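Have a look at data-v1.csv; it's CSV, C-alpha atoms:
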chain,number,residue,atom,x,y,z
V,17,ASN,CA,31.8,-37.9,-34.4
V,18,LEU,CA,28.8,-36.4,-32.5
V,19,SER,CA,26.5,-39.3,-33.5
V,20,GLU,CA,28.4,-41.5,-31.1
V,21,PHE,CA,26.9,-39.6,-28.1
V,22,THR,CA,23.5,-41.2,-27.1
V,23,LEU,CA,22.3,-37.9,-25.4
V,24,ILE,CA,22.4,-36.2,-28.8
V,25,ARG,CA,19.3,-36.8,-30.8
V,26,SER,CA,20.4,-34.7,-33.8
V,27,PHE,CA,22.9,-32.1,-34.8
V,28,VAL,CA,23.5,-29.7,-37.7
V,29,ILE,CA,26.9,-28.3,-38.6
V,30,GLU,CA,27.1,-25.1,-40.6
V,31,LEU,CA,30.3,-23.8,-42.1
V,32,ILE,CA,30.4,-20.0,-42.3
V,33,PRO,CA,33.3,-18.7,-44.4
V,34,PRO,CA,36.0,-17.7,-43.9
V,35,ASN,CA,36.7,-19.4,-40.6
V,36,THR,CA,33.5,-20.0,-38.6
V,37,MET,CA,31.7,-23.3,-37.8
V,38,ARG,CA,28.4,-23.3,-36.1
V,39,VAL,CA,27.1,-26.5,-34.4
V,40,GLU,CA,23.5,-26.9,-33.3
V,41,ILE,CA,22.7,-29.9,-31.0
V,42,ASP,CA,19.3,-31.2,-30.1
V,43,GLU,CA,19.5,-33.4,-27.0
V,44,ARG,CA,17.3,-36.3,-26.1
V,45,GLU,CA,14.8,-35.6,-23.4
V,46,PRO,CA,14.2,-38.4,-20.9
V,47,ILE,CA,10.6,-39.6,-20.5
V,48,GLY,CA,11.0,-42.4,-18.0
V,49,VAL,CA,13.1,-45.3,-16.7
V,50,VAL,CA,12.9,-49.0,-17.6
V,51,VAL,CA,14.2,-51.4,-14.9
V,52,SER,CA,16.3,-54.2,-16.3
V,53,ASP,CA,18.2,-56.5,-13.9
V,54,SER,CA,18.3,-53.9,-11.1
V,55,VAL,CA,19.6,-51.3,-13.5
V,56,PHE,CA,17.6,-48.2,-14.2
V,57,GLN,CA,17.7,-47.3,-17.9
V,58,LEU,CA,16.7,-43.7,-18.6
V,59,VAL,CA,15.0,-43.6,-22.0
V,60,ASP,CA,13.7,-41.0,-24.4
V,61,PRO,CA,10.2,-41.2,-26.1
V,62,ALA,CA,11.7,-43.4,-28.8
V,63,GLY,CA,13.0,-45.9,-26.3
V,64,ILE,CA,16.7,-44.9,-26.8
V,65,VAL,CA,18.7,-45.5,-23.6
V,66,ILE,CA,20.3,-42.2,-22.5
V,67,GLU,CA,21.9,-43.4,-19.3
V,68,GLU,CA,22.1,-46.4,-17.0
V,69,THR,CA,22.2,-46.0,-13.2
V,70,LEU,CA,21.9,-48.2,-10.1
V,71,GLU,CA,19.5,-45.8,-8.4
V,72,ARG,CA,16.2,-44.5,-9.8
V,73,PRO,CA,16.6,-41.0,-11.2
V,74,ASP,CA,14.4,-38.3,-9.7
V,75,GLY,CA,11.4,-36.8,-11.5
V,76,VAL,CA,10.7,-39.5,-14.1
V,77,PRO,CA,8.2,-42.4,-14.0
V,78,ILE,CA,9.1,-46.1,-14.2
V,79,LEU,CA,7.8,-47.5,-17.5
V,80,ASP,CA,6.3,-51.0,-17.4
V,81,LEU,CA,6.0,-51.6,-21.1
V,82,PRO,CA,4.3,-54.4,-23.0
V,83,ARG,CA,6.3,-56.6,-25.4
V,84,GLY,CA,6.7,-54.9,-28.7
V,85,ASP,CA,5.6,-51.5,-27.3
V,86,ASP,CA,4.5,-49.3,-30.2
V,87,GLY,CA,5.0,-46.0,-28.4
V,88,THR,CA,1.6,-45.9,-26.7
V,89,VAL,CA,3.1,-45.1,-23.2
V,90,SER,CA,5.2,-42.3,-24.6
V,91,GLU,CA,2.3,-40.9,-26.5
V,92,VAL,CA,0.3,-40.7,-23.2
V,93,LEU,CA,3.2,-39.2,-21.2
V,94,LEU,CA,3.9,-36.6,-23.9
V,95,ALA,CA,0.2,-35.5,-23.8
V,96,LEU,CA,0.4,-34.7,-20.0
V,97,PRO,CA,1.0,-31.2,-18.8
V,98,ALA,CA,4.4,-30.8,-17.0
V,99,ASP,CA,2.8,-30.6,-13.6
V,100,VAL,CA,0.8,-33.8,-14.1
V,101,LEU,CA,3.7,-35.6,-15.7
V,102,ALA,CA,5.8,-34.8,-12.6
V,103,ARG,CA,3.3,-36.6,-10.4
V,104,VAL,CA,3.4,-39.9,-12.4
V,105,ASN,CA,5.2,-42.6,-10.4
V,106,ARG,CA,4.8,-45.7,-12.5
V,107,ILE,CA,3.0,-46.2,-15.9
V,108,THR,CA,1.9,-49.6,-17.1
V,109,ALA,CA,0.5,-50.9,-20.3
V,110,THR,CA,-0.4,-54.6,-20.6
V,111,THR,CA,-1.8,-53.8,-24.1
V,112,ARG,CA,-2.0,-50.7,-26.2
V,113,ASP,CA,-5.6,-50.2,-25.0
V,114,ASP,CA,-4.9,-50.7,-21.3
V,115,VAL,CA,-2.7,-47.9,-20.0
V,116,SER,CA,-2.8,-47.0,-16.4
V,117,PHE,CA,-0.5,-45.2,-13.9
V,118,THR,CA,0.0,-44.4,-10.2
V,119,LEU,CA,0.7,-41.0,-8.8
V,120,ARG,CA,3.7,-40.1,-6.6
V,121,ASP,CA,3.3,-39.6,-2.9
V,122,SER,CA,-0.4,-40.6,-2.9
V,123,GLU,CA,-2.6,-43.6,-3.0
V,124,GLN,CA,-4.2,-42.5,-6.2
V,125,SER,CA,-4.1,-44.1,-9.6
V,126,VAL,CA,-5.3,-43.3,-13.2
V,127,VAL,CA,-7.1,-45.6,-15.6
V,128,TRP,CA,-6.2,-44.1,-19.0
V,129,GLY,CA,-7.3,-46.8,-21.5
V,130,SER,CA,-5.9,-46.4,-25.0
V,131,ALA,CA,-3.7,-43.5,-26.2
V,132,GLU,CA,-6.6,-42.3,-28.4
V,133,SER,CA,-7.7,-38.8,-27.5
V,134,SER,CA,-4.7,-38.4,-25.1
V,135,ASP,CA,-4.7,-34.6,-25.3
V,136,ARG,CA,-8.3,-34.4,-24.3
V,137,LYS,CA,-7.8,-37.0,-21.5
V,138,ALA,CA,-4.9,-35.0,-20.2
V,139,VAL,CA,-7.0,-31.8,-19.9
V,140,ILE,CA,-9.7,-33.7,-18.1
V,141,LEU,CA,-7.3,-35.4,-15.7
V,142,ALA,CA,-5.6,-32.1,-14.8
V,143,ALA,CA,-9.1,-30.7,-13.9
V,144,LEU,CA,-9.9,-33.8,-11.8
V,145,LEU,CA,-6.6,-33.6,-10.0
V,146,THR,CA,-7.3,-29.9,-9.2
V,147,GLN,CA,-10.6,-31.0,-7.7
V,148,TRP,CA,-9.8,-34.3,-6.1
V,149,GLY,CA,-5.9,-34.3,-5.8
V,150,ASP,CA,-5.9,-34.0,-2.0
V,151,SER,CA,-8.8,-36.4,-1.4
V,152,GLY,CA,-6.8,-39.4,-0.3
V,153,ALA,CA,-6.9,-42.9,-1.9
V,154,GLY,CA,-8.8,-43.3,-5.1
V,155,GLU,CA,-8.9,-43.9,-8.8
V,156,TYR,CA,-9.3,-41.5,-11.7
V,157,ASP,CA,-10.9,-43.0,-14.8
V,158,VAL,CA,-10.5,-41.0,-18.0
V,159,SER,CA,-10.6,-44.1,-20.3
V,160,ALA,CA,-14.0,-43.2,-21.9
V,161,THR,CA,-13.6,-39.8,-23.6
V,162,GLY,CA,-17.2,-38.9,-23.0
V,163,SER,CA,-17.1,-39.3,-19.2
V,164,ALA,CA,-14.5,-39.1,-16.4
V,165,VAL,CA,-14.8,-40.0,-12.8
V,166,PHE,CA,-12.9,-40.1,-9.5
V,167,ARG,CA,-13.7,-43.1,-7.3
V,168,GLU,CA,-12.7,-42.7,-3.7
V,169,GLY,CA,-11.3,-45.5,-1.8

Mind turning this structure into structure tokens?
Amino acid sequence: NLSEFTLIRSFVIELIPPNTMRVEIDEREPIGVVVSDSVFQLVDPAGIVIEETLERPDGVPILDLPRGDDGTVSEVLLALPADVLARVNRITATTRDDVSFTLRDSEQSVVWGSAESSDRKAVILAALLTQWGDSGAGEYDVSATGSAVFREG
């Protein structure tokens, strides 16, 4: 039974007479890792654990989720363009209105705020990263949709 494989999100089986069967599989895409007792759990946007490893998988952020996470962090990550998402090191949400993250291989962080207007915030952040990405330590603040800023330091 294909539903026993956690990597499979959904599947469709089509019987084509006289003797053909076609199977379409939609795999889960990892969005990040959750650390639990020194084990890295690779999860999809719905929070389904795809894989567990003892070492952090490359290319996905660590998710520090609030209790009872309602998908806010996933909503933010899914809004980011692929090149920006690849730079996210660790994303934190103490509440649904307090999302922030750090960027890989830099001393830069992002104050996101709520997941509201995430698509717009993602475009603004990508533009700020183009302008200030090599500026050294600092903080991008896109939490207010009407204004965005990069604070050096």

Identify, on the basis of only C-alpha atoms, every residue whose closest approach to region 99-114 of chain V does not exceed 10 Å; exclude the query and any residue fewer than 3 positions from it along the same chain; express the result as a PDB file with C-alpha atoms, in the frame of the given file.
ATOM      1  CA  ILE V  47      10.600 -39.600 -20.500  1.00  0.00           C
ATOM      2  CA  GLY V  48      11.000 -42.400 -18.000  1.00  0.00           C
ATOM      3  CA  VAL V  49      13.100 -45.300 -16.700  1.00  0.00           C
ATOM      4  CA  ASP V  74      14.400 -38.300  -9.700  1.00  0.00           C
ATOM      5  CA  GLY V  75      11.400 -36.800 -11.500  1.00  0.00           C
ATOM      6  CA  VAL V  76      10.700 -39.500 -14.100  1.00  0.00           C
ATOM      7  CA  PRO V  77       8.200 -42.400 -14.000  1.00  0.00           C
ATOM      8  CA  ILE V  78       9.100 -46.100 -14.200  1.00  0.00           C
ATOM      9  CA  LEU V  79       7.800 -47.500 -17.500  1.00  0.00           C
ATOM     10  CA  ASP V  80       6.300 -51.000 -17.400  1.00  0.00           C
ATOM     11  CA  LEU V  81       6.000 -51.600 -21.100  1.00  0.00           C
ATOM     12  CA  PRO V  82       4.300 -54.400 -23.000  1.00  0.00           C
ATOM     13  CA  ARG V  83       6.300 -56.600 -25.400  1.00  0.00           C
ATOM     14  CA  GLY V  84       6.700 -54.900 -28.700  1.00  0.00           C
ATOM     15  CA  ASP V  85       5.600 -51.500 -27.300  1.00  0.00           C
ATOM     16  CA  ASP V  86       4.500 -49.300 -30.200  1.00  0.00           C
ATOM     17  CA  GLY V  87       5.000 -46.000 -28.400  1.00  0.00           C
ATOM     18  CA  THR V  88       1.600 -45.900 -26.700  1.00  0.00           C
ATOM     19  CA  VAL V  89       3.100 -45.100 -23.200  1.00  0.00           C
ATOM     20  CA  SER V  90       5.200 -42.300 -24.600  1.00  0.00           C
ATOM     21  CA  VAL V  92       0.300 -40.700 -23.200  1.00  0.00           C
ATOM     22  CA  LEU V  93       3.200 -39.200 -21.200  1.00  0.00           C
ATOM     23  CA  LEU V  94       3.900 -36.600 -23.900  1.00  0.00           C
ATOM     24  CA  ALA V  95       0.200 -35.500 -23.800  1.00  0.00           C
ATOM     25  CA  LEU V  96       0.400 -34.700 -20.000  1.00  0.00           C
ATOM     26  CA  PHE V 117      -0.500 -45.200 -13.900  1.00  0.00           C
ATOM     27  CA  THR V 118       0.000 -44.400 -10.200  1.00  0.00           C
ATOM     28  CA  LEU V 119       0.700 -41.000  -8.800  1.00  0.00           C
ATOM     29  CA  ARG V 120       3.700 -40.100  -6.600  1.00  0.00           C
ATOM     30  CA  ASP V 121       3.300 -39.600  -2.900  1.00  0.00           C
ATOM     31  CA  SER V 122      -0.400 -40.600  -2.900  1.00  0.00           C
ATOM     32  CA  SER V 125      -4.100 -44.100  -9.600  1.00  0.00           C
ATOM     33  CA  VAL V 126      -5.300 -43.300 -13.200  1.00  0.00           C
ATOM     34  CA  VAL V 127      -7.100 -45.600 -15.600  1.00  0.00           C
ATOM     35  CA  TRP V 128      -6.200 -44.100 -19.000  1.00  0.00           C
ATOM     36  CA  GLY V 129      -7.300 -46.800 -21.500  1.00  0.00           C
ATOM     37  CA  SER V 130      -5.900 -46.400 -25.000  1.00  0.00           C
ATOM     38  CA  ALA V 131      -3.700 -43.500 -26.200  1.00  0.00           C
ATOM     39  CA  GLU V 132      -6.600 -42.300 -28.400  1.00  0.00           C
ATOM     40  CA  ALA V 138      -4.900 -35.000 -20.200  1.00  0.00           C
ATOM     41  CA  VAL V 139      -7.000 -31.800 -19.900  1.00  0.00           C
ATOM     42  CA  LEU V 141      -7.300 -35.400 -15.700  1.00  0.00           C
ATOM     43  CA  ALA V 142      -5.600 -32.100 -14.800  1.00  0.00           C
ATOM     44  CA  LEU V 145      -6.600 -33.600 -10.000  1.00  0.00           C
ATOM     45  CA  SER V 159     -10.600 -44.100 -20.300  1.00  0.00           C
TER      46      SER V 159
END

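Closest approach to Arg72 (chain V) among V:Val165, V:Val50, V:Ala160, V:Val28: V:Val50, based on only C-alpha atoms.
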
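Counting from CA of Thr69 (chain V), the distance to CA of Glu20 (chain V) is 19.5 Å.
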
Quiz item: Just how far from CA of Asp135 (chain V) is CA of Gln147 (chain V), in Å to one decimal?
Solution: 18.9 Å

Quiz prompt | Distance in Å - CA of Arg38 (chain V) versus CA of Thr22 (chain V) | solution =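 Interatomic distance, CA of Arg38 (chain V) to CA of Thr22 (chain V): 20.6 Å.
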
Quiz prompt | Non-local contacts of Glu67 (chain V) (6 Å; all atoms listed in the file; under 2 positions in same chain excluded) as a PyMOL selection string | solution = chain V and resi 57-58+65

Practice problem: Please provide the set of residues having any atom within 12 Å of Ser19 (chain V), restricted to all atoms listed in the file, with same-chain residues fewer than 4 positions apart removed, written as a ChimeraX atom specification. | Solution: /V:23-28,41-43

Quiz item: Which residue out of V:Pro97, V:Gly169, V:Pro33, V:Gly162 has the minimum interatomic distance to Gln124 (chain V) when all atoms listed in the file are used?
Solution: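 So, comparing all the options, the nearest one is V:Gly169.
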
Padding of 6 Å on every side, edges along x, y and z, all listed atoms of region 58-77 of chain V included: what centre and edge lengths in Å, to one decimal, does that box have, as JSON?
{"center_x": 15.2, "center_y": -42.5, "center_z": -18.6, "size_x": 26.0, "size_y": 23.4, "size_z": 32.4}
